[in-house]
Each structure stands twice: as C-alpha cells, then as structure tokens.
>>> print(open('work_39.txt').read())   # compact mmCIF, N, CA and C atoms
# COMPACT_ATOMS: atom_id res chain seq x y z
N GLN A 21 186.43 -173.17 9.66
CA GLN A 21 185.71 -172.03 10.18
C GLN A 21 185.31 -171.11 9.03
N VAL A 22 184.03 -170.73 9.01
CA VAL A 22 183.53 -169.85 7.96
C VAL A 22 183.85 -168.41 8.34
N ARG A 23 184.37 -167.68 7.37
CA ARG A 23 184.72 -166.28 7.61
C ARG A 23 184.10 -165.41 6.53
N LEU A 24 183.47 -164.31 6.97
CA LEU A 24 182.87 -163.34 6.06
C LEU A 24 183.54 -161.99 6.32
N VAL A 25 183.99 -161.35 5.26
CA VAL A 25 184.66 -160.06 5.41
C VAL A 25 184.04 -159.06 4.45
N GLU A 26 183.45 -158.00 5.03
CA GLU A 26 182.82 -156.96 4.23
C GLU A 26 183.81 -155.85 3.91
N SER A 27 183.54 -155.15 2.83
CA SER A 27 184.30 -153.98 2.46
C SER A 27 183.42 -153.06 1.63
N GLY A 28 183.90 -151.84 1.42
CA GLY A 28 183.19 -150.92 0.54
C GLY A 28 182.39 -149.84 1.23
N GLY A 29 182.32 -149.89 2.54
CA GLY A 29 181.58 -148.85 3.23
C GLY A 29 182.31 -147.51 3.16
N GLY A 30 181.62 -146.47 3.59
CA GLY A 30 182.24 -145.15 3.58
C GLY A 30 181.21 -144.07 3.77
N SER A 31 181.62 -142.85 3.49
CA SER A 31 180.75 -141.70 3.61
C SER A 31 180.40 -141.18 2.23
N VAL A 32 179.13 -140.84 2.07
CA VAL A 32 178.65 -140.36 0.76
C VAL A 32 177.54 -139.37 1.01
N GLN A 33 177.33 -138.50 0.04
CA GLN A 33 176.24 -137.54 0.16
C GLN A 33 174.93 -138.15 -0.31
N THR A 34 173.86 -137.55 0.12
CA THR A 34 172.53 -137.97 -0.28
C THR A 34 172.44 -138.03 -1.80
N GLY A 35 171.90 -139.15 -2.30
CA GLY A 35 171.79 -139.34 -3.73
C GLY A 35 172.96 -140.08 -4.34
N GLY A 36 174.00 -140.27 -3.57
CA GLY A 36 175.19 -140.95 -4.07
C GLY A 36 175.05 -142.46 -4.05
N SER A 37 176.13 -143.14 -4.42
CA SER A 37 176.13 -144.59 -4.53
C SER A 37 177.34 -145.18 -3.81
N LEU A 38 177.15 -146.40 -3.34
CA LEU A 38 178.24 -147.20 -2.79
C LEU A 38 178.01 -148.64 -3.18
N ARG A 39 179.09 -149.39 -3.24
CA ARG A 39 178.99 -150.82 -3.51
C ARG A 39 179.70 -151.56 -2.40
N LEU A 40 178.94 -152.35 -1.66
CA LEU A 40 179.51 -153.19 -0.61
C LEU A 40 179.84 -154.56 -1.18
N SER A 41 180.89 -155.15 -0.66
CA SER A 41 181.28 -156.49 -1.09
C SER A 41 181.57 -157.34 0.13
N CYS A 42 181.30 -158.63 0.02
CA CYS A 42 181.55 -159.58 1.11
C CYS A 42 182.22 -160.82 0.52
N VAL A 43 183.37 -161.14 1.06
CA VAL A 43 184.10 -162.33 0.63
C VAL A 43 183.93 -163.42 1.68
N VAL A 44 183.60 -164.62 1.22
CA VAL A 44 183.35 -165.76 2.11
C VAL A 44 184.42 -166.82 1.93
N SER A 45 184.92 -167.33 3.04
CA SER A 45 185.89 -168.41 2.99
C SER A 45 185.55 -169.45 4.05
N GLY A 46 186.08 -170.66 3.88
CA GLY A 46 185.90 -171.69 4.88
C GLY A 46 184.74 -172.62 4.64
N ARG A 47 183.97 -172.36 3.61
CA ARG A 47 182.86 -173.25 3.29
C ARG A 47 182.53 -173.03 1.82
N THR A 48 181.96 -174.04 1.20
CA THR A 48 181.59 -173.90 -0.21
C THR A 48 180.53 -172.80 -0.34
N PHE A 49 180.95 -171.70 -0.91
CA PHE A 49 180.10 -170.52 -0.98
C PHE A 49 178.81 -170.81 -1.72
N SER A 50 178.88 -171.61 -2.77
CA SER A 50 177.70 -171.84 -3.61
C SER A 50 176.60 -172.59 -2.89
N THR A 51 176.87 -173.11 -1.68
CA THR A 51 175.84 -173.80 -0.92
C THR A 51 175.15 -172.89 0.09
N LEU A 52 175.53 -171.64 0.11
CA LEU A 52 174.98 -170.70 1.08
C LEU A 52 174.03 -169.70 0.44
N ALA A 53 172.88 -169.49 1.08
CA ALA A 53 172.08 -168.31 0.79
C ALA A 53 172.73 -167.14 1.53
N MET A 54 172.71 -165.96 0.93
CA MET A 54 173.41 -164.82 1.52
C MET A 54 172.46 -163.64 1.71
N GLY A 55 172.75 -162.87 2.75
CA GLY A 55 171.92 -161.71 3.02
C GLY A 55 172.75 -160.53 3.48
N TRP A 56 172.15 -159.37 3.38
CA TRP A 56 172.71 -158.13 3.94
C TRP A 56 171.70 -157.58 4.96
N PHE A 57 172.24 -157.18 6.09
CA PHE A 57 171.45 -156.57 7.14
C PHE A 57 172.13 -155.27 7.56
N ARG A 58 171.40 -154.42 8.25
CA ARG A 58 171.99 -153.19 8.74
C ARG A 58 171.45 -152.88 10.13
N GLN A 59 172.27 -152.12 10.85
CA GLN A 59 171.92 -151.82 12.24
C GLN A 59 172.44 -150.44 12.62
N VAL A 60 171.59 -149.71 13.33
CA VAL A 60 172.00 -148.44 13.93
C VAL A 60 172.00 -148.63 15.43
N PRO A 61 172.80 -147.84 16.13
CA PRO A 61 172.91 -148.03 17.59
C PRO A 61 171.56 -147.94 18.28
N GLY A 62 171.31 -148.91 19.16
CA GLY A 62 170.08 -148.91 19.94
C GLY A 62 168.89 -149.55 19.25
N LYS A 63 169.09 -150.04 18.03
CA LYS A 63 167.98 -150.65 17.30
C LYS A 63 168.35 -152.06 16.86
N ASP A 64 167.31 -152.79 16.45
CA ASP A 64 167.51 -154.16 15.98
C ASP A 64 168.25 -154.17 14.64
N ARG A 65 168.80 -155.33 14.34
CA ARG A 65 169.44 -155.52 13.04
C ARG A 65 168.33 -155.78 12.01
N ASP A 66 168.27 -154.95 10.98
CA ASP A 66 167.19 -155.01 9.99
C ASP A 66 167.63 -155.67 8.70
N PHE A 67 166.70 -156.39 8.12
CA PHE A 67 166.92 -157.02 6.82
C PHE A 67 167.02 -155.96 5.73
N VAL A 68 167.97 -156.15 4.81
CA VAL A 68 168.12 -155.25 3.67
C VAL A 68 167.85 -156.00 2.37
N ALA A 69 168.59 -157.08 2.15
CA ALA A 69 168.45 -157.85 0.90
C ALA A 69 168.99 -159.25 1.10
N ALA A 70 168.53 -160.18 0.28
CA ALA A 70 169.03 -161.55 0.31
C ALA A 70 169.01 -162.14 -1.08
N ILE A 71 169.83 -163.16 -1.26
CA ILE A 71 169.90 -163.83 -2.56
C ILE A 71 170.02 -165.33 -2.31
N SER A 72 169.31 -166.10 -3.11
CA SER A 72 169.32 -167.55 -2.95
C SER A 72 170.69 -168.12 -3.29
N TRP A 73 170.91 -169.39 -2.91
CA TRP A 73 172.22 -169.97 -3.13
C TRP A 73 172.52 -170.13 -4.61
N THR A 74 171.49 -170.23 -5.44
CA THR A 74 171.71 -170.32 -6.89
C THR A 74 171.86 -168.95 -7.53
N GLY A 75 171.43 -167.91 -6.80
CA GLY A 75 171.43 -166.58 -7.38
C GLY A 75 170.20 -166.27 -8.21
N SER A 76 169.27 -167.20 -8.26
CA SER A 76 168.10 -167.01 -9.13
C SER A 76 167.00 -166.18 -8.47
N ARG A 77 167.06 -166.06 -7.16
CA ARG A 77 166.02 -165.29 -6.46
C ARG A 77 166.66 -164.19 -5.60
N GLU A 78 166.06 -163.01 -5.63
CA GLU A 78 166.52 -161.88 -4.84
C GLU A 78 165.35 -161.35 -4.02
N TYR A 79 165.65 -160.87 -2.83
CA TYR A 79 164.61 -160.38 -1.94
C TYR A 79 165.10 -159.06 -1.34
N TYR A 80 164.18 -158.11 -1.18
CA TYR A 80 164.56 -156.78 -0.70
C TYR A 80 163.57 -156.27 0.33
N ALA A 81 164.09 -155.49 1.25
CA ALA A 81 163.22 -154.73 2.14
C ALA A 81 162.53 -153.65 1.32
N ASP A 82 161.32 -153.32 1.70
CA ASP A 82 160.57 -152.30 0.95
C ASP A 82 161.32 -150.98 0.90
N SER A 83 162.05 -150.67 1.95
CA SER A 83 162.72 -149.38 2.04
C SER A 83 163.87 -149.22 1.04
N VAL A 84 164.35 -150.33 0.50
CA VAL A 84 165.48 -150.24 -0.44
C VAL A 84 165.14 -150.72 -1.84
N LYS A 85 163.95 -151.26 -2.00
CA LYS A 85 163.55 -151.81 -3.30
C LYS A 85 163.63 -150.73 -4.38
N GLY A 86 164.26 -151.08 -5.50
CA GLY A 86 164.42 -150.13 -6.58
C GLY A 86 165.67 -149.28 -6.49
N ARG A 87 166.33 -149.31 -5.32
CA ARG A 87 167.57 -148.53 -5.14
C ARG A 87 168.77 -149.43 -4.93
N PHE A 88 168.56 -150.57 -4.27
CA PHE A 88 169.66 -151.48 -3.96
C PHE A 88 169.54 -152.74 -4.82
N THR A 89 170.69 -153.32 -5.17
CA THR A 89 170.71 -154.57 -5.92
C THR A 89 171.74 -155.51 -5.30
N ILE A 90 171.29 -156.72 -5.00
CA ILE A 90 172.19 -157.73 -4.46
C ILE A 90 172.60 -158.67 -5.59
N SER A 91 173.83 -159.10 -5.56
CA SER A 91 174.32 -160.04 -6.58
C SER A 91 175.40 -160.92 -5.96
N ARG A 92 175.67 -162.03 -6.62
CA ARG A 92 176.69 -162.94 -6.12
C ARG A 92 177.52 -163.49 -7.28
N ASP A 93 178.76 -163.81 -6.97
CA ASP A 93 179.64 -164.44 -7.95
C ASP A 93 180.20 -165.69 -7.26
N ASN A 94 179.65 -166.84 -7.61
CA ASN A 94 180.05 -168.08 -6.95
C ASN A 94 181.47 -168.49 -7.31
N ALA A 95 181.99 -167.98 -8.40
CA ALA A 95 183.37 -168.29 -8.78
C ALA A 95 184.36 -167.52 -7.91
N LYS A 96 183.94 -166.36 -7.42
CA LYS A 96 184.82 -165.52 -6.60
C LYS A 96 184.47 -165.55 -5.12
N ASN A 97 183.41 -166.28 -4.78
CA ASN A 97 182.96 -166.37 -3.38
C ASN A 97 182.59 -165.00 -2.82
N THR A 98 181.92 -164.21 -3.62
CA THR A 98 181.55 -162.87 -3.17
C THR A 98 180.06 -162.61 -3.35
N VAL A 99 179.55 -161.77 -2.47
CA VAL A 99 178.20 -161.25 -2.61
C VAL A 99 178.30 -159.74 -2.46
N ASP A 100 177.69 -159.00 -3.39
CA ASP A 100 177.77 -157.56 -3.42
C ASP A 100 176.41 -156.93 -3.16
N LEU A 101 176.47 -155.69 -2.71
CA LEU A 101 175.26 -154.90 -2.55
C LEU A 101 175.51 -153.54 -3.19
N GLN A 102 174.90 -153.32 -4.34
CA GLN A 102 175.00 -152.03 -5.01
C GLN A 102 173.91 -151.12 -4.46
N MET A 103 174.31 -149.98 -3.92
CA MET A 103 173.37 -149.07 -3.29
C MET A 103 173.37 -147.75 -4.03
N ASN A 104 172.25 -147.41 -4.62
CA ASN A 104 172.10 -146.17 -5.38
C ASN A 104 171.10 -145.25 -4.70
N ASN A 105 171.16 -143.98 -5.08
CA ASN A 105 170.23 -142.99 -4.54
C ASN A 105 170.14 -143.09 -3.02
N LEU A 106 171.27 -143.05 -2.39
CA LEU A 106 171.32 -143.24 -0.95
C LEU A 106 170.67 -142.08 -0.21
N LYS A 107 170.03 -142.43 0.90
CA LYS A 107 169.34 -141.47 1.75
C LYS A 107 169.96 -141.48 3.14
N SER A 108 169.69 -140.45 3.90
CA SER A 108 170.25 -140.38 5.25
C SER A 108 169.78 -141.56 6.11
N ASP A 109 168.57 -142.05 5.85
CA ASP A 109 168.06 -143.20 6.60
C ASP A 109 168.81 -144.49 6.32
N ASP A 110 169.64 -144.48 5.28
CA ASP A 110 170.45 -145.67 4.97
C ASP A 110 171.71 -145.75 5.82
N THR A 111 171.99 -144.69 6.57
CA THR A 111 173.16 -144.69 7.44
C THR A 111 173.05 -145.79 8.47
N ALA A 112 174.06 -146.68 8.50
CA ALA A 112 174.03 -147.82 9.42
C ALA A 112 175.31 -148.61 9.27
N LEU A 113 175.47 -149.57 10.16
CA LEU A 113 176.52 -150.57 10.02
C LEU A 113 175.91 -151.74 9.24
N TYR A 114 176.53 -152.07 8.12
CA TYR A 114 175.98 -153.10 7.23
C TYR A 114 176.74 -154.41 7.43
N TYR A 115 175.95 -155.48 7.60
CA TYR A 115 176.50 -156.80 7.84
C TYR A 115 176.14 -157.75 6.70
N CYS A 116 177.11 -158.56 6.34
CA CYS A 116 176.91 -159.67 5.42
C CYS A 116 176.64 -160.92 6.26
N ALA A 117 175.73 -161.79 5.78
CA ALA A 117 175.39 -162.99 6.53
C ALA A 117 175.15 -164.16 5.57
N GLY A 118 175.37 -165.36 6.08
CA GLY A 118 175.15 -166.55 5.26
C GLY A 118 174.47 -167.65 6.03
N ARG A 119 173.77 -168.51 5.31
CA ARG A 119 173.08 -169.65 5.91
C ARG A 119 172.86 -170.71 4.84
N PRO A 120 172.57 -171.92 5.25
CA PRO A 120 172.21 -172.95 4.26
C PRO A 120 170.94 -172.56 3.52
N PRO A 121 170.65 -173.15 2.39
CA PRO A 121 169.45 -172.80 1.63
C PRO A 121 168.19 -172.84 2.50
N ALA A 122 167.35 -171.84 2.36
CA ALA A 122 166.17 -171.70 3.19
C ALA A 122 164.98 -172.44 2.59
N LEU A 123 164.13 -172.96 3.48
CA LEU A 123 162.93 -173.65 3.01
C LEU A 123 161.94 -172.67 2.39
N THR A 124 161.87 -171.50 3.00
CA THR A 124 160.99 -170.46 2.47
C THR A 124 161.72 -169.13 2.47
N PRO A 125 161.30 -168.21 1.61
CA PRO A 125 161.96 -166.89 1.56
C PRO A 125 161.88 -166.14 2.88
N ASP A 126 160.86 -166.41 3.68
CA ASP A 126 160.72 -165.70 4.95
C ASP A 126 161.95 -165.90 5.84
N TYR A 127 162.55 -167.07 5.76
CA TYR A 127 163.73 -167.34 6.58
C TYR A 127 164.86 -166.37 6.25
N LEU A 128 164.94 -165.98 4.98
CA LEU A 128 166.05 -165.13 4.56
C LEU A 128 165.91 -163.69 5.07
N ARG A 129 164.74 -163.33 5.53
CA ARG A 129 164.51 -161.98 6.04
C ARG A 129 164.75 -161.85 7.55
N GLN A 130 165.06 -162.95 8.19
CA GLN A 130 165.19 -162.95 9.64
C GLN A 130 166.64 -163.17 10.05
N SER A 131 167.18 -162.22 10.79
CA SER A 131 168.59 -162.30 11.16
C SER A 131 168.89 -163.54 12.00
N ARG A 132 167.94 -163.97 12.81
CA ARG A 132 168.19 -165.13 13.69
C ARG A 132 168.35 -166.43 12.91
N GLU A 133 167.96 -166.42 11.64
CA GLU A 133 168.05 -167.63 10.82
C GLU A 133 169.40 -167.80 10.15
N TYR A 134 170.30 -166.82 10.33
CA TYR A 134 171.61 -166.89 9.69
C TYR A 134 172.65 -167.45 10.65
N ASP A 135 173.54 -168.26 10.10
CA ASP A 135 174.56 -168.92 10.91
C ASP A 135 175.88 -168.16 10.93
N TYR A 136 176.16 -167.45 9.87
CA TYR A 136 177.48 -166.84 9.71
C TYR A 136 177.34 -165.34 9.48
N TRP A 137 178.25 -164.57 10.11
CA TRP A 137 178.19 -163.12 10.04
C TRP A 137 179.57 -162.51 9.86
N GLY A 138 179.60 -161.40 9.12
CA GLY A 138 180.82 -160.61 9.05
C GLY A 138 180.88 -159.62 10.19
N GLN A 139 181.91 -158.79 10.17
CA GLN A 139 182.13 -157.84 11.26
C GLN A 139 181.42 -156.50 11.01
N GLY A 140 180.96 -156.29 9.81
CA GLY A 140 180.23 -155.07 9.48
C GLY A 140 181.09 -154.02 8.82
N THR A 141 180.44 -153.20 8.01
CA THR A 141 181.11 -152.06 7.37
C THR A 141 180.17 -150.86 7.47
N GLN A 142 180.72 -149.72 7.86
CA GLN A 142 179.89 -148.55 8.13
C GLN A 142 179.57 -147.79 6.85
N VAL A 143 178.30 -147.43 6.73
CA VAL A 143 177.84 -146.56 5.65
C VAL A 143 177.23 -145.31 6.28
N THR A 144 177.72 -144.17 5.88
CA THR A 144 177.22 -142.89 6.40
C THR A 144 176.79 -142.02 5.23
N VAL A 145 175.54 -141.61 5.25
CA VAL A 145 174.98 -140.77 4.20
C VAL A 145 174.61 -139.42 4.80
N SER A 146 175.17 -138.39 4.24
CA SER A 146 174.93 -137.05 4.78
C SER A 146 174.41 -136.13 3.69
N SER A 147 173.66 -135.13 4.13
CA SER A 147 173.09 -134.18 3.16
C SER A 147 174.03 -133.00 2.94
>>> encode(input="work_39.txt", output="structure tokens")
Amino acid sequence: QVRLVESGGGSVQTGGSLRLSCVVSGRTFSTLAMGWFRQVPGKDRDFVAAISWTGSREYYADSVKGRFTISRDNAKNTVDLQMNNLKSDDTALYYCAGRPPALTPDYLRQSREYDYWGQGTQVTVSS
C-alpha cells in the first residue's frame, strides 16, 4: 500500500515562508511523478506544482510561479514545496499526490490523474 504523509504546514504572516514535505512509502518513489495541490472549503482541489519522476521537469500554477519551488530527493523518498512570499490567497489545505509518469505535462495538472494522495497539511497566511 502506497502511503504519502505531508508535514510542514502552519500559520505564517503575509510575506513569510514555509516548506512543506511529503514522505512516500510502499512503492518505488523514483517511478512516481509527484504533485502538490491545495483546496479551500467549498472549492475544487487546485493544482499548485508538479515534478517529473526524474526531477528534470517542474510545472507550476501561474498563481505561484516565481514564489514556490518544488523539489524531490529520490534517495529519501521525499518531495518538498518551498513557499516564499506567501499571500493570504495561499491559505488552504495542501495535498501531496503521486502517479506513474505522465504521457504529457497536462496530466500532471489534473487532480483526477493522480492515484495516490496524502491526508493534507494546513497552511494559513494572515496579514
């Protein structure tokens, strides 16, 4: 059974930084493309960032481009999301997700294309 466990969420003021981490077990991590999504109550789960299984390609939502950085360490089975210059609109429950390598980058932006999910970690940004 594949298990994803997120950590690193918390409360921060506008302009601050947080680093989320996701540890994957139960499957060879290096064979998975990984993504981060976020969700606020009453809304759909939105794409934030994704990284290819090799780590050579990164993809970002326009709203976080230039502020967030996704990275992976295949030796540690982890995928991180460094979030800088946080805004109140970044407040959400953040989920880590994994799937087999995608045929096209578009697949990595769609939550329905992911097979494995963590339980989420809350990020709250206040002014």
>>> residues_around(input="work_39.txt", residues="stretch 24-37 of chain A", least_positions_apart="3", cutoff="6 Å", atoms="only N, CA and C atoms", output="list in words")
Leu40, Ser41, Cys42, Val43, Val44, Ser45, Met103, Asn104, Asn105, Leu106, Lys107, Ser108, Trp137, Gly138, Gln139, Gly140, Thr141, Gln142, Val143, Thr144, Val145, Ser146 and Ser147 of chain A
>>> write_last_selection(input="work_39.txt", atoms="N, CA and C atoms", output="tab-separated table (two decimals), in the frame of the given file")
chain	number	residue	atom	x	y	z
A	40	LEU	N	178.94	-152.35	-1.66
A	40	LEU	CA	179.51	-153.19	-0.61
A	40	LEU	C	179.84	-154.56	-1.18
A	41	SER	N	180.89	-155.15	-0.66
A	41	SER	CA	181.28	-156.49	-1.09
A	41	SER	C	181.57	-157.34	0.13
A	42	CYS	N	181.30	-158.63	0.02
A	42	CYS	CA	181.55	-159.58	1.11
A	42	CYS	C	182.22	-160.82	0.52
A	43	VAL	N	183.37	-161.14	1.06
A	43	VAL	CA	184.10	-162.33	0.63
A	43	VAL	C	183.93	-163.42	1.68
A	44	VAL	N	183.60	-164.62	1.22
A	44	VAL	CA	183.35	-165.76	2.11
A	44	VAL	C	184.42	-166.82	1.93
A	45	SER	N	184.92	-167.33	3.04
A	45	SER	CA	185.89	-168.41	2.99
A	45	SER	C	185.55	-169.45	4.05
A	103	MET	N	174.31	-149.98	-3.92
A	103	MET	CA	173.37	-149.07	-3.29
A	103	MET	C	173.37	-147.75	-4.03
A	104	ASN	N	172.25	-147.41	-4.62
A	104	ASN	CA	172.10	-146.17	-5.38
A	104	ASN	C	171.10	-145.25	-4.70
A	105	ASN	N	171.16	-143.98	-5.08
A	105	ASN	CA	170.23	-142.99	-4.54
A	105	ASN	C	170.14	-143.09	-3.02
A	106	LEU	N	171.27	-143.05	-2.39
A	106	LEU	CA	171.32	-143.24	-0.95
A	106	LEU	C	170.67	-142.08	-0.21
A	107	LYS	N	170.03	-142.43	0.90
A	107	LYS	CA	169.34	-141.47	1.75
A	107	LYS	C	169.96	-141.48	3.14
A	108	SER	N	169.69	-140.45	3.90
A	108	SER	CA	170.25	-140.38	5.25
A	108	SER	C	169.78	-141.56	6.11
A	137	TRP	N	178.25	-164.57	10.11
A	137	TRP	CA	178.19	-163.12	10.04
A	137	TRP	C	179.57	-162.51	9.86
A	138	GLY	N	179.60	-161.40	9.12
A	138	GLY	CA	180.82	-160.61	9.05
A	138	GLY	C	180.88	-159.62	10.19
A	139	GLN	N	181.91	-158.79	10.17
A	139	GLN	CA	182.13	-157.84	11.26
A	139	GLN	C	181.42	-156.50	11.01
A	140	GLY	N	180.96	-156.29	9.81
A	140	GLY	CA	180.23	-155.07	9.48
A	140	GLY	C	181.09	-154.02	8.82
A	141	THR	N	180.44	-153.20	8.01
A	141	THR	CA	181.11	-152.06	7.37
A	141	THR	C	180.17	-150.86	7.47
A	142	GLN	N	180.72	-149.72	7.86
A	142	GLN	CA	179.89	-148.55	8.13
A	142	GLN	C	179.57	-147.79	6.85
A	143	VAL	N	178.30	-147.43	6.73
A	143	VAL	CA	177.84	-146.56	5.65
A	143	VAL	C	177.23	-145.31	6.28
A	144	THR	N	177.72	-144.17	5.88
A	144	THR	CA	177.22	-142.89	6.40
A	144	THR	C	176.79	-142.02	5.23
A	145	VAL	N	175.54	-141.61	5.25
A	145	VAL	CA	174.98	-140.77	4.20
A	145	VAL	C	174.61	-139.42	4.80
A	146	SER	N	175.17	-138.39	4.24
A	146	SER	CA	174.93	-137.05	4.78
A	146	SER	C	174.41	-136.13	3.69
A	147	SER	N	173.66	-135.13	4.13
A	147	SER	CA	173.09	-134.18	3.16
A	147	SER	C	174.03	-133.00	2.94
>>> residues_around(input="work_39.txt", residues="stretch 74-77 of chain A", least_positions_apart="3", cutoff="8 Å", atoms="all atoms listed in the file", output="list of chain:residue names")
A:Ser50, A:Thr51, A:Leu52, A:Ala53, A:Met54, A:Ala70, A:Ile71, A:Tyr80, A:Ser91, A:Arg92, A:Asp93, A:Pro121
>>> select_by_dssp(input="work_39.txt", residues="stretch 60-134 of chain A", states="alpha helix (DSSP H)", output="list in words")
Pro125, Asp126, Tyr127 and Leu128 of chain A
>>> write_last_selection(input="work_39.txt", atoms="N, CA and C atoms", output="JSON list (two decimals), keeping the file's coordinate frame")
[["chain", "number", "residue", "atom", "x", "y", "z"],
["A", 125, "PRO", "N", 161.30, -168.21, 1.61],
["A", 125, "PRO", "CA", 161.96, -166.89, 1.56],
["A", 125, "PRO", "C", 161.88, -166.14, 2.88],
["A", 126, "ASP", "N", 160.86, -166.41, 3.68],
["A", 126, "ASP", "CA", 160.72, -165.70, 4.95],
["A", 126, "ASP", "C", 161.95, -165.90, 5.84],
["A", 127, "TYR", "N", 162.55, -167.07, 5.76],
["A", 127, "TYR", "CA", 163.73, -167.34, 6.58],
["A", 127, "TYR", "C", 164.86, -166.37, 6.25],
["A", 128, "LEU", "N", 164.94, -165.98, 4.98],
["A", 128, "LEU", "CA", 166.05, -165.13, 4.56],
["A", 128, "LEU", "C", 165.91, -163.69, 5.07]]
>>> atom_distance(input="work_39.txt", atom1="atom C of A:Asp100", atom2="atom CA of A:Ala122")
19.1 Å
>>> closest_residue(input="work_39.txt", among="A:Arg87, A:Lys96, A:Arg132, A:Arg23", to="A:Arg47", atoms="all atoms listed in the file")
A:Arg23
>>> atom_distance(input="work_39.txt", atom1="atom CA of A:Asp135", atom2="atom C of A:Pro120")
9.0 Å
>>> atom_distance(input="work_39.txt", atom1="atom CA of A:Gln102", atom2="atom CA of A:Pro61")
23.0 Å
>>> residues_around(input="work_39.txt", residues="A:Ser131", least_positions_apart="2", cutoff="7 Å", atoms="all atoms listed in the file", output="list in words")
Arg65, Asp66, Phe67, Tyr127, Leu128, Arg129, Glu133, Tyr134 and Asp135 of chain A
>>> closest_residue(input="work_39.txt", among="A:Thr48, A:Thr98, A:Val68, A:Gly55", to="A:Ala117", atoms="only N, CA and C atoms")
A:Gly55
>>> select_by_dssp(input="work_39.txt", residues="chain A", states="strand (DSSP E or B)", output="ChimeraX atom specification")
/A:23-27,30-33,38-45,53-59,66-71,78-80,88-93,98-103,112-119,136-137,141-146
>>> residues_around(input="work_39.txt", residues="A:Trp56", least_positions_apart="2", cutoff="6 Å", atoms="only C-alpha atoms", output="number ranges by chain")
A: 68-69, 115-116
>>> closest_residue(input="work_39.txt", among="A:Val22, A:Leu123, A:Ala95, A:Leu113", to="A:Lys63", atoms="only C-alpha atoms")
A:Leu113
>>> axis_aligned_box(input="work_39.txt", around="stretch 44-53 of chain A", padding_each_side="3 Å", output="AutoDock Vina command-line options")
--center_x 179.1 --center_y -169.3 --center_z 0.6 --size_x 20.0 --size_y 15.4 --size_z 14.5
>>> build_atoms(input="work_39.txt", residues="stretch 60-65 of chain A", atoms="all heavy atoms", output="short mmCIF file (atom, residue, chain, number, x, y, z; two decimals), in the frame of the given file")
data_model
loop_
_atom_site.label_atom_id
_atom_site.label_comp_id
_atom_site.auth_asym_id
_atom_site.auth_seq_id
_atom_site.Cartn_x
_atom_site.Cartn_y
_atom_site.Cartn_z
N VAL A 60 171.59 -149.71 13.33
CA VAL A 60 172.00 -148.44 13.93
C VAL A 60 172.00 -148.63 15.43
O VAL A 60 171.29 -149.48 15.96
CB VAL A 60 171.07 -147.28 13.50
CG1 VAL A 60 171.15 -147.07 12.00
CG2 VAL A 60 169.63 -147.55 13.94
N PRO A 61 172.80 -147.84 16.13
CA PRO A 61 172.91 -148.03 17.59
C PRO A 61 171.56 -147.94 18.28
O PRO A 61 170.75 -147.06 17.99
CB PRO A 61 173.82 -146.86 18.01
CG PRO A 61 174.64 -146.59 16.81
CD PRO A 61 173.74 -146.83 15.64
N GLY A 62 171.31 -148.91 19.16
CA GLY A 62 170.08 -148.91 19.94
C GLY A 62 168.89 -149.55 19.25
O GLY A 62 167.80 -149.59 19.83
N LYS A 63 169.09 -150.04 18.03
CA LYS A 63 167.98 -150.65 17.30
C LYS A 63 168.35 -152.06 16.86
O LYS A 63 169.50 -152.47 16.89
CB LYS A 63 167.61 -149.79 16.09
CG LYS A 63 167.04 -148.43 16.46
CD LYS A 63 166.43 -147.74 15.27
CE LYS A 63 165.76 -146.43 15.68
NZ LYS A 63 165.13 -145.74 14.52
N ASP A 64 167.31 -152.79 16.45
CA ASP A 64 167.51 -154.16 15.98
C ASP A 64 168.25 -154.17 14.64
O ASP A 64 168.26 -153.18 13.92
CB ASP A 64 166.17 -154.87 15.83
CG ASP A 64 165.47 -155.11 17.15
OD1 ASP A 64 166.17 -155.14 18.19
OD2 ASP A 64 164.23 -155.27 17.14
N ARG A 65 168.80 -155.33 14.34
CA ARG A 65 169.44 -155.52 13.04
C ARG A 65 168.33 -155.78 12.01
O ARG A 65 167.55 -156.72 12.15
CB ARG A 65 170.41 -156.69 13.12
CG ARG A 65 171.34 -156.81 11.96
CD ARG A 65 172.45 -157.80 12.26
NE ARG A 65 173.31 -157.36 13.36
CZ ARG A 65 174.42 -157.99 13.71
NH1 ARG A 65 174.80 -159.08 13.07
NH2 ARG A 65 175.15 -157.54 14.72
#
